[in-house]
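Structure file upload17.cif; described as mmCIF, C-alpha atoms.
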```cif
data_input
#
loop_
_atom_site.label_atom_id
_atom_site.label_comp_id
_atom_site.auth_asym_id
_atom_site.auth_seq_id
_atom_site.Cartn_x
_atom_site.Cartn_y
_atom_site.Cartn_z
CA MET C 1 0.00 0.00 0.00
CA GLN C 2 1.16 3.52 -0.74
CA HIS C 3 2.56 5.77 1.96
CA PRO C 4 -0.13 8.04 3.49
CA ARG C 5 1.79 11.07 2.29
CA HIS C 6 1.42 9.91 -1.30
CA VAL C 7 -2.25 9.05 -0.92
CA LEU C 8 -3.40 12.12 0.96
CA LEU C 9 -1.24 15.15 0.27
CA GLY C 10 -2.27 16.61 -3.05
CA ALA C 11 -2.12 20.11 -4.48
CA GLN C 12 -4.06 21.59 -1.57
CA ALA C 13 -1.55 20.49 1.05
CA ALA C 14 1.93 21.60 2.00
CA GLN C 15 4.63 20.48 -0.40
CA VAL C 16 7.47 21.15 2.05
CA PHE C 17 8.08 19.84 5.56
CA LEU C 18 10.48 21.87 7.69
CA PRO C 19 11.32 21.94 11.39
CA VAL C 20 8.87 24.22 13.19
CA CYS C 21 11.67 26.40 14.63
CA ASP C 22 14.26 28.46 12.74
CA HIS C 23 17.01 29.58 15.11
CA TYR C 24 19.17 32.58 14.19
CA SER C 25 22.73 33.29 15.31
CA GLY C 26 25.02 36.06 14.12
CA VAL C 27 28.05 35.86 16.41
CA GLU C 28 30.58 33.07 15.95
CA ALA C 29 30.45 31.77 19.53
CA ARG C 30 26.65 31.64 19.43
CA MET C 31 26.69 29.99 16.03
CA ARG C 32 28.90 27.20 17.38
CA LYS C 33 26.68 26.78 20.45
CA SER C 34 23.57 26.69 18.25
CA LEU C 35 24.99 23.90 16.10
CA GLN C 36 25.99 21.96 19.20
CA LEU C 37 22.52 22.43 20.71
CA GLN C 38 20.93 21.26 17.46
CA ALA C 39 22.96 18.05 17.60
CA GLU C 40 22.06 17.48 21.27
CA MET C 41 18.34 18.05 20.72
CA THR C 42 18.31 15.87 17.60
CA GLU C 43 19.63 13.03 19.74
CA GLU C 44 17.11 13.84 22.48
CA PHE C 45 14.03 13.97 20.21
CA GLY C 46 15.05 11.53 17.51
CA ALA C 47 14.52 14.17 14.83
CA CYS C 48 16.01 17.53 13.92
CA VAL C 49 13.54 19.90 15.56
CA PHE C 50 15.06 23.24 14.56
CA ASP C 51 17.14 24.75 11.78
CA VAL C 52 20.21 26.82 12.51
CA THR C 53 20.47 29.92 10.31
CA LEU C 54 23.87 31.61 10.33
CA ASP C 55 23.24 35.33 9.94
CA CYS C 56 25.23 37.60 7.68
CA GLU C 57 22.73 40.45 7.41
CA ASP C 58 22.70 41.50 11.08
CA GLY C 59 25.70 39.46 12.19
CA ALA C 60 28.41 40.92 9.96
CA PRO C 61 30.14 44.10 11.20
CA VAL C 62 30.14 47.02 8.78
CA GLY C 63 33.25 46.69 6.64
CA GLY C 64 33.78 43.09 7.75
CA GLU C 65 31.21 41.41 5.53
CA ALA C 66 33.75 39.36 3.56
CA GLU C 67 35.43 38.01 6.70
CA HIS C 68 32.07 37.19 8.24
CA ALA C 69 30.97 35.31 5.12
CA ALA C 70 34.20 33.30 5.15
CA MET C 71 33.62 32.40 8.81
CA VAL C 72 30.06 31.31 8.06
CA VAL C 73 31.33 29.08 5.25
CA ALA C 74 33.86 27.46 7.58
CA LEU C 75 31.18 26.75 10.21
CA ALA C 76 28.78 25.31 7.65
CA LEU C 77 31.46 23.02 6.22
CA ALA C 78 32.49 21.85 9.70
CA ALA C 79 28.92 21.00 10.75
CA PRO C 80 27.98 17.31 10.97
CA PRO C 81 26.53 15.84 7.77
CA GLU C 82 23.10 15.47 9.37
CA ALA C 83 22.96 19.10 10.56
CA ARG C 84 20.38 21.43 9.08
CA VAL C 85 22.25 24.69 8.42
CA ALA C 86 21.14 27.73 6.44
CA VAL C 87 22.53 31.23 5.88
CA ARG C 88 20.82 34.60 5.79
CA VAL C 89 22.65 36.77 3.28
CA HIS C 90 22.41 40.53 2.78
CA ALA C 91 19.49 42.05 0.88
CA VAL C 92 19.68 42.17 -2.92
CA ASP C 93 20.34 45.94 -2.91
CA HIS C 94 23.16 45.72 -0.34
CA PRO C 95 26.75 46.07 -1.62
CA ALA C 96 27.68 42.75 0.02
CA PHE C 97 24.88 40.69 -1.56
CA GLU C 98 26.77 39.51 -4.64
CA GLN C 99 29.83 38.72 -2.56
CA ASP C 100 27.74 36.75 -0.05
CA MET C 101 26.14 34.70 -2.78
CA ALA C 102 29.39 34.07 -4.63
CA VAL C 103 31.33 32.95 -1.56
CA ILE C 104 28.65 31.16 0.44
CA GLY C 105 26.81 29.62 -2.50
CA ALA C 106 29.91 28.40 -4.28
CA GLN C 107 31.82 27.11 -1.25
CA ALA C 108 29.09 25.89 1.10
CA GLY C 109 26.03 25.50 -1.12
CA HIS C 110 26.26 21.72 -1.02
CA ARG C 111 26.02 21.77 2.80
CA LEU C 112 23.15 24.22 3.20
CA THR C 113 19.45 23.42 3.46
CA HIS C 114 18.47 26.81 2.02
CA ILE C 115 19.37 30.47 1.64
CA MET C 116 17.38 33.14 3.50
CA VAL C 117 17.12 36.48 1.68
CA PRO C 118 15.80 39.55 3.54
CA LYS C 119 13.78 42.49 2.26
CA ILE C 120 12.34 40.79 -0.79
CA GLU C 121 9.97 43.22 -2.51
CA SER C 122 8.88 41.46 -5.68
CA VAL C 123 9.31 38.55 -8.07
CA ARG C 124 12.03 40.62 -9.75
CA ASP C 125 14.12 40.27 -6.58
CA ILE C 126 13.62 36.51 -6.60
CA ILE C 127 14.88 36.38 -10.18
CA GLN C 128 17.95 38.40 -9.16
CA VAL C 129 18.68 35.92 -6.37
CA GLU C 130 18.26 32.97 -8.73
CA LYS C 131 20.77 34.49 -11.15
CA ALA C 132 23.25 34.91 -8.30
CA LEU C 133 22.72 31.26 -7.31
CA GLN C 134 23.31 30.20 -10.88
CA ARG C 135 26.60 32.12 -11.03
CA ALA C 136 27.65 30.35 -7.83
CA SER C 137 26.65 26.92 -9.19
CA ALA C 138 24.15 26.65 -6.32
CA LEU C 139 20.88 26.76 -8.21
CA HIS C 140 19.70 23.68 -6.31
CA LEU C 141 19.26 25.68 -3.08
CA PRO C 142 15.71 26.53 -2.00
CA LEU C 143 14.97 30.13 -1.05
CA HIS C 144 13.41 31.40 2.14
CA VAL C 145 12.42 35.05 1.93
CA LEU C 146 11.57 37.82 4.35
CA ILE C 147 8.49 39.94 3.68
CA GLU C 148 9.12 43.26 5.42
CA SER C 149 7.14 46.06 3.76
CA PRO C 150 3.51 46.85 2.83
CA ALA C 151 4.32 46.49 -0.87
CA ALA C 152 5.91 43.08 -0.30
CA VAL C 153 2.87 41.95 1.68
CA GLN C 154 0.67 43.01 -1.23
CA ARG C 155 2.80 40.80 -3.53
CA ALA C 156 3.04 37.87 -1.11
CA PHE C 157 0.94 35.55 -3.29
CA GLU C 158 3.10 36.24 -6.34
CA ILE C 159 6.28 35.67 -4.36
CA ALA C 160 4.98 32.46 -2.76
CA ALA C 161 4.09 31.14 -6.21
CA GLN C 162 7.74 31.08 -7.30
CA PRO C 163 8.92 27.44 -7.53
CA ARG C 164 12.27 28.01 -5.79
CA VAL C 165 10.66 29.79 -2.83
CA GLN C 166 10.14 27.33 0.01
CA SER C 167 9.07 29.58 2.87
CA LEU C 168 7.96 33.15 3.60
CA SER C 169 8.83 34.84 6.88
CA PHE C 170 7.37 38.03 8.29
CA GLY C 171 9.80 40.82 9.22
CA LEU C 172 7.93 42.58 12.01
CA MET C 173 10.37 45.35 12.92
CA ASP C 174 10.96 46.57 9.39
CA PHE C 175 7.26 46.29 8.59
CA VAL C 176 6.30 48.55 11.50
CA SER C 177 9.14 50.98 10.75
CA SER C 178 8.10 51.24 7.10
CA HIS C 179 4.84 52.95 8.09
CA GLY C 180 6.48 56.23 9.07
CA GLY C 181 5.17 56.25 12.61
CA ALA C 182 1.59 55.36 11.64
CA ILE C 183 1.92 52.10 13.59
CA PRO C 184 2.96 52.65 17.24
CA GLY C 185 6.13 51.10 18.56
CA ASP C 186 4.31 48.76 20.92
CA ALA C 187 3.15 46.84 17.83
CA MET C 188 6.67 45.39 17.77
CA GLY C 189 6.14 43.89 21.23
CA VAL C 190 4.90 40.47 22.23
CA ASP C 191 1.32 41.70 22.78
CA GLY C 192 1.00 44.58 20.32
CA GLN C 193 2.00 42.51 17.30
CA PHE C 194 -1.13 40.39 17.79
CA ALA C 195 -3.40 43.40 18.31
CA HIS C 196 -2.64 46.05 15.70
CA PRO C 197 -4.89 45.46 12.65
CA LEU C 198 -2.26 46.26 10.01
CA VAL C 199 0.26 43.89 11.56
CA VAL C 200 -2.27 41.10 11.99
CA ARG C 201 -3.50 41.63 8.43
CA ALA C 202 0.07 41.33 7.10
CA LYS C 203 0.63 38.10 9.01
CA LEU C 204 -2.62 36.63 7.70
CA GLU C 205 -1.77 37.58 4.11
CA ILE C 206 1.61 35.87 4.37
CA ALA C 207 0.17 32.74 5.96
CA SER C 208 -2.60 32.58 3.36
CA ALA C 209 -0.18 33.09 0.46
CA CYS C 210 1.99 30.24 1.71
CA HIS C 211 -0.89 27.83 2.17
CA ALA C 212 -2.25 28.72 -1.26
CA HIS C 213 0.99 27.58 -2.87
CA GLY C 214 2.09 24.74 -0.58
CA LYS C 215 4.84 26.78 1.10
CA VAL C 216 5.79 27.21 4.78
CA PRO C 217 4.70 30.39 6.61
CA SER C 218 7.26 31.34 9.26
CA HIS C 219 6.25 33.68 12.08
CA CYS C 220 8.41 36.58 13.18
CA VAL C 221 10.69 36.78 16.16
CA VAL C 222 9.60 37.71 19.68
CA THR C 223 12.27 39.97 21.17
CA GLU C 224 11.24 39.46 24.81
CA PHE C 225 13.35 36.29 25.05
CA ALA C 226 13.62 36.38 28.86
CA ASP C 227 9.85 35.94 29.31
CA THR C 228 9.28 32.29 28.39
CA GLN C 229 5.58 32.41 29.28
CA ALA C 230 5.00 35.34 26.92
CA MET C 231 7.05 33.54 24.29
CA GLN C 232 4.96 30.39 24.63
CA ALA C 233 1.72 32.38 24.42
CA ALA C 234 2.91 34.20 21.30
CA ALA C 235 3.95 30.96 19.64
CA GLU C 236 0.58 29.39 20.42
CA ARG C 237 -1.24 32.34 18.86
CA ALA C 238 0.96 32.14 15.77
CA ALA C 239 0.29 28.41 15.42
CA ARG C 240 -3.33 28.11 16.53
CA THR C 241 -4.86 31.40 15.40
CA LEU C 242 -2.82 32.80 12.52
CA GLY C 243 -1.98 29.63 10.62
CA PHE C 244 1.82 29.68 10.85
CA THR C 245 3.67 26.36 10.85
CA ARG C 246 7.15 27.64 11.72
CA MET C 247 8.61 30.40 13.92
CA TRP C 248 11.86 32.24 14.44
CA SER C 249 14.02 31.95 17.55
CA ILE C 250 16.83 34.35 18.48
CA HIS C 251 17.75 32.83 21.84
CA PRO C 252 18.14 29.18 22.88
CA SER C 253 15.52 29.67 25.61
CA GLN C 254 12.89 30.26 22.89
CA ILE C 255 13.35 26.94 21.11
CA ARG C 256 11.51 24.64 23.51
CA PRO C 257 8.49 26.98 23.95
CA ILE C 258 8.16 27.12 20.16
CA LEU C 259 8.32 23.33 19.91
CA ALA C 260 5.70 22.98 22.64
CA ALA C 261 3.38 25.52 21.04
CA PHE C 262 3.54 23.99 17.57
CA ALA C 263 3.30 20.38 18.73
CA PRO C 264 -0.04 18.57 18.87
CA GLY C 265 -1.15 17.26 22.25
CA GLU C 266 -1.03 13.59 23.25
CA ALA C 267 -4.79 13.18 22.80
CA GLU C 268 -4.58 14.69 19.30
CA ILE C 269 -1.73 12.36 18.37
CA ASP C 270 -3.54 9.31 19.72
CA ALA C 271 -6.78 10.12 17.88
CA ALA C 272 -4.93 10.87 14.65
CA ALA C 273 -2.98 7.61 14.85
CA ARG C 274 -6.13 5.57 15.44
CA ILE C 275 -8.00 7.24 12.57
CA ILE C 276 -5.12 6.82 10.10
CA SER C 277 -4.66 3.19 11.18
CA ALA C 278 -8.35 2.51 10.60
CA ALA C 279 -8.21 4.33 7.26
CA VAL C 280 -5.29 2.16 6.11
CA ALA C 281 -7.19 -0.96 7.14
CA ALA C 282 -10.17 0.28 5.09
CA ARG C 283 -7.90 1.03 2.13
CA TRP C 284 -8.72 4.73 2.54
CA ALA C 285 -12.47 4.23 2.16
CA PRO C 286 -14.75 6.22 4.53
CA ILE C 287 -14.91 5.01 8.13
CA SER C 288 -16.92 5.70 11.26
CA PHE C 289 -14.81 6.72 14.26
CA ALA C 290 -16.22 7.81 17.64
CA GLY C 291 -19.57 8.48 16.06
CA GLN C 292 -18.20 10.62 13.23
CA LEU C 293 -17.74 9.91 9.55
CA HIS C 294 -14.24 10.35 8.15
CA ASP C 295 -12.94 10.17 4.60
CA ARG C 296 -9.91 11.40 2.68
CA ALA C 297 -10.71 15.05 3.36
CA SER C 298 -10.35 14.57 7.12
CA TYR C 299 -7.68 11.87 6.78
CA ARG C 300 -5.44 14.55 5.28
CA TYR C 301 -5.81 16.67 8.42
CA PHE C 302 -5.08 13.80 10.80
CA TRP C 303 -2.03 12.74 8.79
CA GLN C 304 -0.76 16.31 9.08
CA VAL C 305 -1.18 16.07 12.85
CA LEU C 306 1.18 13.10 12.77
CA GLU C 307 3.60 14.97 10.50
CA ARG C 308 3.66 17.87 12.95
CA ALA C 309 4.16 15.52 15.88
CA HIS C 310 7.19 14.04 14.15
CA GLN C 311 8.55 17.50 13.30
CA THR C 312 8.36 18.51 16.97
CA GLY C 313 9.93 15.34 18.32
CA ARG C 314 6.77 13.91 19.89
CA ALA C 315 6.50 10.18 20.44
CA LEU C 316 4.35 8.33 17.91
CA PRO C 317 2.74 4.90 18.20
CA PHE C 318 4.94 2.23 16.65
CA GLU C 319 2.80 1.66 13.58
CA MET C 320 2.83 5.39 12.80
CA ALA C 321 6.50 5.95 13.69
CA ALA C 322 7.37 3.37 11.04
CA TYR C 323 6.15 5.74 8.34
CA PHE C 324 8.84 8.24 9.31
CA LYS C 325 11.82 5.90 9.04
CA PRO C 326 13.57 6.69 5.73
CA SER C 327 14.71 3.11 5.14
CA ALA C 328 11.59 1.39 6.44
CA PRO C 329 9.26 -0.37 3.97
CA ILE C 330 5.80 1.07 3.47
CA LEU C 331 3.35 -0.72 5.76
CA THR C 332 0.58 -2.77 4.25
CA THR C 333 -3.00 -3.11 5.39
CA GLU C 334 -2.16 -6.44 7.00
CA THR C 335 0.71 -5.01 9.07
CA VAL C 336 -1.09 -1.92 10.40
#
```
Have the structure of the file written as structure tokens, please.
Amino acid sequence: MQHPRHVLLGAQAAQVFLPVCDHYSGVEARMRKSLQLQAEMTEEFGACVFDVTLDCEDGAPVGGEAEHAAMVVALALAAPPEARVAVRVHAVDHPAFEQDMAVIGAQAGHRLTHIMVPKIESVRDIIQVEKALQRASALHLPLHVLIESPAAVQRAFEIAAQPRVQSLSFGLMDFVSSHGGAIPGDAMGVDGQFAHPLVVRAKLEIASACHAHGKVPSHCVVTEFADTQAMQAAAERAARTLGFTRMWSIHPSQIRPILAAFAPGEAEIDAAARIISAAVAARWAPISFAGQLHDRASYRYFWQVLERAHQTGRALPFEMAAYFKPSAPILTTETV
């Protein structure tokens, strides 16, 4: 029997599965610690539960962009083969952009999961990035892009439609700043960013654009990293209310709250596993479960619950965990 992913996930579903947390580091010592923490938590959870993005845009000192890019390349090349490492380069209109792409793409492109590009304004910018990747012989790399202005939000659906684009992230600080004081500063805070209508509208547009094209919507950073309760609440709102399936972290203390917020609960996992198991036994025909009728439309949702559980390192029942082993054979009706 076919794998549930092949049976259930068609054009309406996500085409990309990424860890729910994207952790940013811009200083060498923190980059090294982030990679070490990633390895430790991968062993703990049995899956890589967050990406490490090495930051050139905010991490490189002015005038030291070339040296910073070389250091990032060295760290990426030294990372374990199973590590998930990405790089945020400078914006396409920054003097260091071409240099970043030439050095990082050419020397470390084979070790990176993707390239993050900030301040993308239009499809034209995406084309410029693709040309830079081609010159660096790194055209295989997926793109993650930051949407940081009202104009970019307006073009989010066009940007998300580009085949090389894998994920859209929301740049909260630049978005608020781009309104010339029309949005108050508290809209950049942990509470205000979920209350101001223009900010919430931008987040919803980005999430909707991603889901329309099978891409991953990534929620912005929360700067109040010392308040883990506020961080957890913000992550839960991003995941449960606004439709985001991934979120930025800028401090190690934010990673676990993000994982907890984006993970399904034990009861959800158990129900999903039982429904998918019954669906497999019925060869994906409709079934009755707990007094409700289920068919492929709802099976898709419950399979995605299991996908998200795996992405967040949650324990799965044996028969479901087998679907997530790369070398394991696809289970048949008789073995489930």
May I have a table of the residues of stretch 92-144 of chain C lying at most 6 Å from stretch 166-176 of chain C, giving each one's closest pair of atoms and their distance in Å to one decimal, counting all atoms listed in the file, ordered by chain and ascending residue number, as a tab-separated table?
```
residue	atom	partner	partner_atom	distance
C:Pro142	CA	C:Gln166	CA	6.0
C:Leu143	CA	C:Gln166	CA	5.7
C:His144	CA	C:Ser167	CA	4.8
```
Determine the nearest neighbour of C:Thr245 from the options C:Ile275, C:Ala290, C:Leu18, C:Ala187, counting all atoms listed in the file.
->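 Closest to C:Thr245 of all the choices is C:Leu18.
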With the file shown as input, list the residues that the PyMOL selection byres ((chain C and resi 34) around 8) selects, as a PyMOL selection string.
-> chain C and resi 23+25+30-33+35-38+52+252
Keeping C-alpha atoms, export the residues of the selection given above as a CSV table (one decimal), keeping the file's coordinate frame.
```
chain,number,residue,atom,x,y,z
C,23,HIS,CA,17.0,29.6,15.1
C,25,SER,CA,22.7,33.3,15.3
C,30,ARG,CA,26.6,31.6,19.4
C,31,MET,CA,26.7,30.0,16.0
C,32,ARG,CA,28.9,27.2,17.4
C,33,LYS,CA,26.7,26.8,20.4
C,35,LEU,CA,25.0,23.9,16.1
C,36,GLN,CA,26.0,22.0,19.2
C,37,LEU,CA,22.5,22.4,20.7
C,38,GLN,CA,20.9,21.3,17.5
C,52,VAL,CA,20.2,26.8,12.5
C,252,PRO,CA,18.1,29.2,22.9
```
May I have the residues within 10 Å of stretch 298-313 of chain C as JSON, numbers by chain, using all atoms listed in the file and disregarding those fewer than 5 positions away in the same chain?
-> {"C": [4, 5, 7, 8, 9, 10, 12, 13, 14, 17, 18, 19, 20, 21, 41, 42, 44, 45, 46, 47, 48, 49, 50, 245, 256, 258, 259, 260, 261, 262, 263, 264, 265, 266, 268, 269, 270, 271, 272, 273, 274, 275, 276, 279, 284, 286, 293, 320, 321, 323, 324]}
Exactly which residues make up the result of the PyMOL selection byres ((chain C and resi 108) around 12) on this file, given as number ranges by chain?
-> C: 69-79, 85-87, 100-107, 109-115, 133, 136-138, 141
Using all atoms listed in the file, pick whichever of C:Ala96, C:Ala29, C:Val221, C:Ala322 has the shortest atom-to-atom distance to C:Arg246.
->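 Residue with the minimum atom-to-atom distance to C:Arg246: C:Val221.
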List every protein, DNA or RNA residue with an atom no more than 7 Å from (-14.5, 2.7, 8.0) in the file's coordinates, counting only C-alpha atoms, and format the result as JSON, numbers by chain.
-> {"C": [278, 279, 282, 285, 286, 287, 288]}
Apply the PyMOL selection byres ((chain C and resi 55) around 9) to the file shown and report the selected residues as a PyMOL selection string.
-> chain C and resi 24-27+31+53-54+56-60+72+86-90+116
Would you be able to write out as a PyMOL selection string which residues have an atom within 10 Å of (2.7, 42.7, -2.0) in the file's coordinates, counting all atoms listed in the file?
-> chain C and resi 120-123+147-159+202+205-206
Separation of atom CA of C:Glu40 and atom CA of C:Ala83, in Å?
->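 According to the coordinates, atom CA of C:Glu40 and atom CA of C:Ala83 are separated by 10.9 Å.
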Using all atoms listed in the file, pick whichever of C:His6, C:Arg314, C:Lys215, C:Lys203 has the shortest atom-to-atom distance to C:Gly243.
-> C:Lys203
Between atom CA of C:Ser253 and atom CA of C:Glu28, what is the spacing in Å?
->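 So the answer is 18.2 Å.
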Find the residues around C:Gln193 up to 10 Å (only C-alpha atoms counted), leave out those fewer than 3 positions away in its own chain, and share them as a VMD selection string.
-> chain C and resid 172 to 173 176 185 to 190 196 to 200 203 220 222 234
Which distance in Å separates atom CA of C:Pro163 and atom CA of C:Pro80, to one decimal?
->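 Atom CA of C:Pro80 lies at a distance of 28.4 Å from atom CA of C:Pro163.
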